[in-house]
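**Student:** Provided herewith is a single structure, encoded as structure tokens, for subsequent inquiry.
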There are 2 protein chains.
Amino acid sequence: MLSCKGFGATSAQSPLAPISFSRRSPGPRDIAVDILYCGVCHTDLHQARNEWNGSRYPLVPGHEIVGRVTAAGSDVTRFKPGQIAAVGVIIDSCRKCDSCLAGEECYCIEGPTDTYNAVDRVDGSITQGGYSNNYVVDERFAHTVPENLSLPGVAPLLCAGITTYSPLRHWKVGPGMKVGIIGLGGLGHMALKFAHSFGAHVVQFTTSPRKREDAMRLGADEVVVSTDAAAMQAHAKSFDFILDAVSANHSLDPYLALLKRDRTMTLVGLPEQPPQFSVFSLITKRASVAGSMIGGMIETQEMLDYCGQHNITADVEVIPMQKINEAFERLLRQDVKYRFVIDMSSLG
Amino acid sequence: MLSCKGFGATSAQSPLAPISFSRRSPGPRDIAVDILYCGVCHTDLHQARNEWNGSRYPLVPGHEIVGRVTAAGSDVTRFKPGQIAAVGVIIDSCRKCDSCLAGEECYCIEGPTDTYNAVDRVDGSITQGGYSNNYVVDERFAHTVPENLSLPGVAPLLCAGITTYSPLRHWKVGPGMKVGIIGLGGLGHMALKFAHSFGAHVVQFTTSPRKREDAMRLGADEVVVSTDAAAMQAHAKSFDFILDAVSANHSLDPYLALLKRDRTMTLVGLPEQPPQFSVFSLITKRASVAGSMIGGMIETQEMLDYCGQHNITADVEVIPMQKINEAFERLLRQDVKYRFVIDMSSLG
């Protein structure tokens, strides 16, 4: 076993606090990494506080991991000690269902193995996340990182990045398309960067007029304050695709009204309440409401390579591990531009 | 003006009763038809009782119309007096937007003109429907009827038929696909006939075990009683497409669980409550919930011709006009197999 230290929750009510635990020793196909940076995803907060139920304690969150390889098993081909590696939201899957064979491991028919709070397919232990000093993972679920990218800004690519890159690719966002991004937070700001980079005309929707300037800087061609009914109406029936990256409860109807016929609005945020819209919003234009999560392993590597080629990283605020509880509170107030990333050297 | 008689509502509370009214005289591009049969759609009941608001009284319902041409304007090319013609849910549109130019007049960006309770684009009058002795319509929004088909069974094709034919075609239902139809009513029984005819493996979902035999007769390969959790579970993640033709409130989650990755469930029913489902049902398989309404004019004609070639009509119970209020009550109890059709000769 590998001894580890990190920050974890011991119950839904307890703040994150220093914790010692162990991981399985690396096998022949595994790499071990010393974690350098770990992004702070809203999911971490949901899971630490058992807001989706099913949390198992002690629980160490974190699934936006960048680290340095310290050991590589005998069958490992893509990594060597000393190299930088990245680990995202899932670390295993059945590997034999249609989705896995199609490279869509996140949609594994048996369910993928989450990076934390899941049963490890190898040894049956409960996986613990990246708010810690190390990680052990099959190389098939690890990624190489382009050398030109700043590592703190890379960490959020593993969840916020791929969660927005994947649907924008799947729905073929590119030149000649008018694309809406709803919400300018951790996910939204990555969606904006990617959609702009893919050559679409990008409209950023936000409830905060104060975010206008930032949205333009991040790549928006237009910014619409969604509470401005006239501004919304001016875009009626004009969008080719809309990505909804909002995790607060909201009606989809005002946005469905902006789609052209036969277009899709895809949800990647996870509000507490179920999606709310009228069936008429769909049937009057043969519209679709879809959902999408992260991406497969090949696509995640493709995204990281794309980011290297186009110099794309997340906008981050680096914090020490000891400030995680404060960061959770600021996250709830949307007081972050646009992702907290833990500098794991602070663990000491 | 053309004088007309029919059955209409004078308020949301009043039953349908005999009524006299007038229509515009046929213009050069119009045909006039003596109505032979008119189907009874649930929309007729909603509109007669102002359940969607916006009903204008007096209101004559009916948008599943089959009749005999009595006059054809000088510019009419497809119809001659004496011929059978059919009219469906819409009778005009802007004719110049992307949707209209694509032959998708039902998705007209300005909104199509409904067959009743709409402002006529020609003379500004309020359109009145097919629970009456005649109709006047631009030939572009009328259809020819294959001679081999029984006319009472043709009438429901103009709404229930095209509403199910169109999405099954749009989502390319055919051989090698496993397709679910939810609900075995006016829409559902047509969806079942079409999906079977298109060569798919069709599973009929119903809450009524007593409908099993009928569903098999109508073309189902399997019937699943949706309240049987084990029977539902046996079909998990196995469907290529699901058409939801239910107009009662229900959760979509049990059906979304049955879709394969990257597949669509399309809503054509109009329950009172908005669609209910968890966002996790979508994101865990990149699923879509879509909506669809009737079809364009070219597709409606294609559907009628297809029905002629494959001898497909609706299963109907023919009633005299005077029984319409009783039929409405039976409709609410789902006591009809599977569509009421009014024999308009009963008007006298």
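Chain lettering (A, B, ...) mirrors the order of the structure tokens, residue numbering begins at 1 for each chain separately, and ligand numbering begins at 1 in order of display.
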Could you name the residues that touch Thr77 in chain B at 9 Å or less, counting only C-alpha atoms, but leaving out those on the same chain fewer than 5 positions away, as an mmCIF file with all heavy atoms, in the first residue's frame?
**Tutor:**
```cif
data_model
loop_
_atom_site.group_PDB
_atom_site.id
_atom_site.type_symbol
_atom_site.label_atom_id
_atom_site.label_comp_id
_atom_site.auth_asym_id
_atom_site.auth_seq_id
_atom_site.Cartn_x
_atom_site.Cartn_y
_atom_site.Cartn_z
ATOM 1 N N ARG B 29 -56.360 30.547 -55.902
ATOM 2 C CA ARG B 29 -55.491 29.423 -55.533
ATOM 3 C C ARG B 29 -56.180 28.453 -54.572
ATOM 4 O O ARG B 29 -55.573 27.495 -54.103
ATOM 5 C CB ARG B 29 -54.205 29.950 -54.882
ATOM 6 C CG ARG B 29 -53.374 30.831 -55.815
ATOM 7 C CD ARG B 29 -52.040 31.209 -55.214
ATOM 8 N NE ARG B 29 -52.191 31.904 -53.940
ATOM 9 C CZ ARG B 29 -51.188 32.496 -53.279
ATOM 10 N NH1 ARG B 29 -49.962 32.451 -53.773
ATOM 11 N NH2 ARG B 29 -51.405 33.111 -52.135
ATOM 12 N N ALA B 72 -62.694 24.780 -57.507
ATOM 13 C CA ALA B 72 -61.248 24.964 -57.575
ATOM 14 C C ALA B 72 -60.964 26.258 -58.315
ATOM 15 O O ALA B 72 -61.493 26.484 -59.419
ATOM 16 C CB ALA B 72 -60.575 23.783 -58.284
ATOM 17 N N GLU B 139 -54.624 25.467 -52.145
ATOM 18 C CA GLU B 139 -54.299 24.076 -52.496
ATOM 19 C C GLU B 139 -52.919 23.654 -51.983
ATOM 20 O O GLU B 139 -52.656 22.473 -51.784
ATOM 21 C CB GLU B 139 -54.368 23.851 -54.013
ATOM 22 C CG GLU B 139 -53.247 24.518 -54.795
ATOM 23 C CD GLU B 139 -53.098 23.927 -56.208
ATOM 24 O OE1 GLU B 139 -53.503 22.772 -56.444
ATOM 25 O OE2 GLU B 139 -52.562 24.656 -57.077
#
```
**Student:** What are the closest atom pairs, with distances in Å to one decimal, for all residues of chain B lying within 8 Å of chain A? Consider only C-alpha atoms, order rows by chain and residue number, and present the result as CSV.
**Tutor:**
```
residue,atom,partner,partner_atom,distance
B:Ser99,CA,A:Arg261,CA,7.5
B:Cys106,CA,A:Thr284,CA,7.9
B:Tyr107,CA,A:Lys285,CA,5.5
B:Ile109,CA,A:Lys237,CA,7.8
B:Lys237,CA,A:Ile109,CA,7.8
B:Arg261,CA,A:Tyr107,CA,7.1
B:Leu267,CA,A:Ile283,CA,7.6
B:Val268,CA,A:Ile283,CA,7.2
B:Leu270,CA,A:Val279,CA,7.0
B:Pro274,CA,A:Ser278,CA,5.1
B:Pro275,CA,A:Val279,CA,6.4
B:Gln276,CA,A:Pro274,CA,7.2
B:Phe277,CA,A:Pro274,CA,6.2
B:Ser278,CA,A:Pro274,CA,5.1
B:Val279,CA,A:Pro274,CA,6.0
B:Phe280,CA,A:Gly291,CA,7.9
B:Leu282,CA,A:Gly291,CA,4.6
B:Ile283,CA,A:Gly291,CA,4.0
B:Thr284,CA,A:Tyr107,CA,6.1
B:Lys285,CA,A:Tyr107,CA,5.6
B:Arg286,CA,A:Ser292,CA,4.7
B:Ala287,CA,A:Ala290,CA,5.6
B:Ser288,CA,A:Ala290,CA,4.1
B:Val289,CA,A:Val289,CA,5.2
B:Ala290,CA,A:Ser288,CA,4.1
B:Gly291,CA,A:Ile283,CA,4.1
B:Ser292,CA,A:Ile283,CA,4.3
B:Met293,CA,A:Ile283,CA,5.4
```
**Student:** Filtering to N, CA and C atoms, could you give me those residues as an mmCIF file, in the first residue's frame?
**Tutor:**
```cif
data_model
loop_
_atom_site.group_PDB
_atom_site.id
_atom_site.type_symbol
_atom_site.label_atom_id
_atom_site.label_comp_id
_atom_site.auth_asym_id
_atom_site.auth_seq_id
_atom_site.Cartn_x
_atom_site.Cartn_y
_atom_site.Cartn_z
ATOM 1 N N SER B 99 -37.720 27.784 -42.724
ATOM 2 C CA SER B 99 -38.517 26.583 -42.503
ATOM 3 C C SER B 99 -39.499 26.363 -43.649
ATOM 4 N N CYS B 106 -44.763 23.810 -40.841
ATOM 5 C CA CYS B 106 -45.284 23.773 -39.465
ATOM 6 C C CYS B 106 -44.344 24.480 -38.501
ATOM 7 N N TYR B 107 -43.077 24.626 -38.901
ATOM 8 C CA TYR B 107 -42.108 25.335 -38.060
ATOM 9 C C TYR B 107 -41.851 26.753 -38.596
ATOM 10 N N ILE B 109 -41.238 30.419 -39.158
ATOM 11 C CA ILE B 109 -40.654 31.305 -38.146
ATOM 12 C C ILE B 109 -41.665 32.343 -37.666
ATOM 13 N N LYS B 237 -31.026 0.575 -21.339
ATOM 14 C CA LYS B 237 -29.955 0.961 -22.265
ATOM 15 C C LYS B 237 -29.971 0.175 -23.576
ATOM 16 N N ARG B 261 -26.684 5.038 -25.425
ATOM 17 C CA ARG B 261 -25.938 6.296 -25.488
ATOM 18 C C ARG B 261 -26.244 7.020 -26.806
ATOM 19 N N LEU B 267 -40.927 13.820 -27.822
ATOM 20 C CA LEU B 267 -42.253 14.037 -27.252
ATOM 21 C C LEU B 267 -43.205 14.570 -28.316
ATOM 22 N N VAL B 268 -44.348 13.916 -28.460
ATOM 23 C CA VAL B 268 -45.390 14.446 -29.339
ATOM 24 C C VAL B 268 -46.707 14.641 -28.595
ATOM 25 N N LEU B 270 -48.977 16.165 -25.350
ATOM 26 C CA LEU B 270 -48.988 17.486 -24.724
ATOM 27 C C LEU B 270 -49.604 17.419 -23.333
ATOM 28 N N PRO B 274 -45.193 20.413 -17.404
ATOM 29 C CA PRO B 274 -43.978 20.368 -18.221
ATOM 30 C C PRO B 274 -43.283 19.007 -18.094
ATOM 31 N N PRO B 275 -42.381 18.703 -19.049
ATOM 32 C CA PRO B 275 -41.636 17.444 -18.982
ATOM 33 C C PRO B 275 -40.861 17.340 -17.673
ATOM 34 N N GLN B 276 -40.873 16.144 -17.087
ATOM 35 C CA GLN B 276 -40.212 15.923 -15.799
ATOM 36 C C GLN B 276 -39.149 14.848 -15.938
ATOM 37 N N PHE B 277 -37.911 15.235 -15.679
ATOM 38 C CA PHE B 277 -36.832 14.245 -15.682
ATOM 39 C C PHE B 277 -35.613 14.848 -14.999
ATOM 40 N N SER B 278 -34.698 13.979 -14.600
ATOM 41 C CA SER B 278 -33.462 14.415 -13.963
ATOM 42 C C SER B 278 -32.406 14.699 -15.024
ATOM 43 N N VAL B 279 -31.602 15.727 -14.788
ATOM 44 C CA VAL B 279 -30.525 16.037 -15.733
ATOM 45 C C VAL B 279 -29.534 14.872 -15.813
ATOM 46 N N PHE B 280 -29.433 14.099 -14.759
ATOM 47 C CA PHE B 280 -28.524 12.940 -14.786
ATOM 48 C C PHE B 280 -28.970 11.909 -15.830
ATOM 49 N N LEU B 282 -29.926 12.539 -18.685
ATOM 50 C CA LEU B 282 -29.370 12.961 -19.971
ATOM 51 C C LEU B 282 -27.852 12.847 -19.998
ATOM 52 N N ILE B 283 -27.195 13.423 -18.967
ATOM 53 C CA ILE B 283 -25.737 13.552 -19.056
ATOM 54 C C ILE B 283 -25.027 12.211 -18.964
ATOM 55 N N THR B 284 -25.624 11.232 -18.301
ATOM 56 C CA THR B 284 -24.932 9.952 -18.148
ATOM 57 C C THR B 284 -24.910 9.140 -19.441
ATOM 58 N N LYS B 285 -25.626 9.582 -20.454
ATOM 59 C CA LYS B 285 -25.571 8.868 -21.742
ATOM 60 C C LYS B 285 -25.644 9.801 -22.942
ATOM 61 N N ARG B 286 -25.408 11.078 -22.707
ATOM 62 C CA ARG B 286 -25.501 12.069 -23.780
ATOM 63 C C ARG B 286 -26.812 11.895 -24.541
ATOM 64 N N ALA B 287 -27.882 11.723 -23.795
ATOM 65 C CA ALA B 287 -29.206 11.541 -24.383
ATOM 66 C C ALA B 287 -29.838 12.889 -24.707
ATOM 67 N N SER B 288 -30.838 12.860 -25.564
ATOM 68 C CA SER B 288 -31.601 14.052 -25.915
ATOM 69 C C SER B 288 -33.084 13.821 -25.687
ATOM 70 N N VAL B 289 -33.753 14.875 -25.234
ATOM 71 C CA VAL B 289 -35.212 14.919 -25.230
ATOM 72 C C VAL B 289 -35.608 15.947 -26.278
ATOM 73 N N ALA B 290 -36.383 15.515 -27.250
ATOM 74 C CA ALA B 290 -36.769 16.407 -28.339
ATOM 75 C C ALA B 290 -38.284 16.510 -28.406
ATOM 76 N N GLY B 291 -38.757 17.437 -29.206
ATOM 77 C CA GLY B 291 -40.180 17.555 -29.476
ATOM 78 C C GLY B 291 -40.397 17.647 -30.971
ATOM 79 N N SER B 292 -41.584 17.300 -31.398
ATOM 80 C CA SER B 292 -41.879 17.334 -32.830
ATOM 81 C C SER B 292 -43.361 17.575 -33.021
ATOM 82 N N MET B 293 -43.723 18.308 -34.077
ATOM 83 C CA MET B 293 -45.143 18.545 -34.354
ATOM 84 C C MET B 293 -45.455 18.239 -35.812
#
```
**Student:** Here is a test: counting only C-alpha atoms, which residue of B:Leu256, B:Tyr116, B:Asn50, B:Ile342 is nearest to Ile35 in chain B?
**Tutor:**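 Of B:Leu256, B:Tyr116, B:Asn50, B:Ile342, the one nearest Ile35 in chain B, counting only C-alpha atoms, is B:Ile342.
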**Student:** Which residue is closest to Gln128 in chain A? Choose from A:Arg56, A:His46, A:His250, A:His310 and count only C-alpha atoms.
**Tutor:** A:Arg56
**Student:** In Å, rounded to a single decimal, give me how far CA of Cys38 in chain A is from CA of Gln13 in chain A.
**Tutor:**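 About the pair CA of Gln13 in chain A and CA of Cys38 in chain A: they are 22.7 Å apart.
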**Student:** Could you please write out, as a VMD selection string, every residue of range 211-265 of chain B that DSSP assigns to strand (DSSP E)?
**Tutor:** chain B and resid 222 to 225 239 to 244 259 to 265
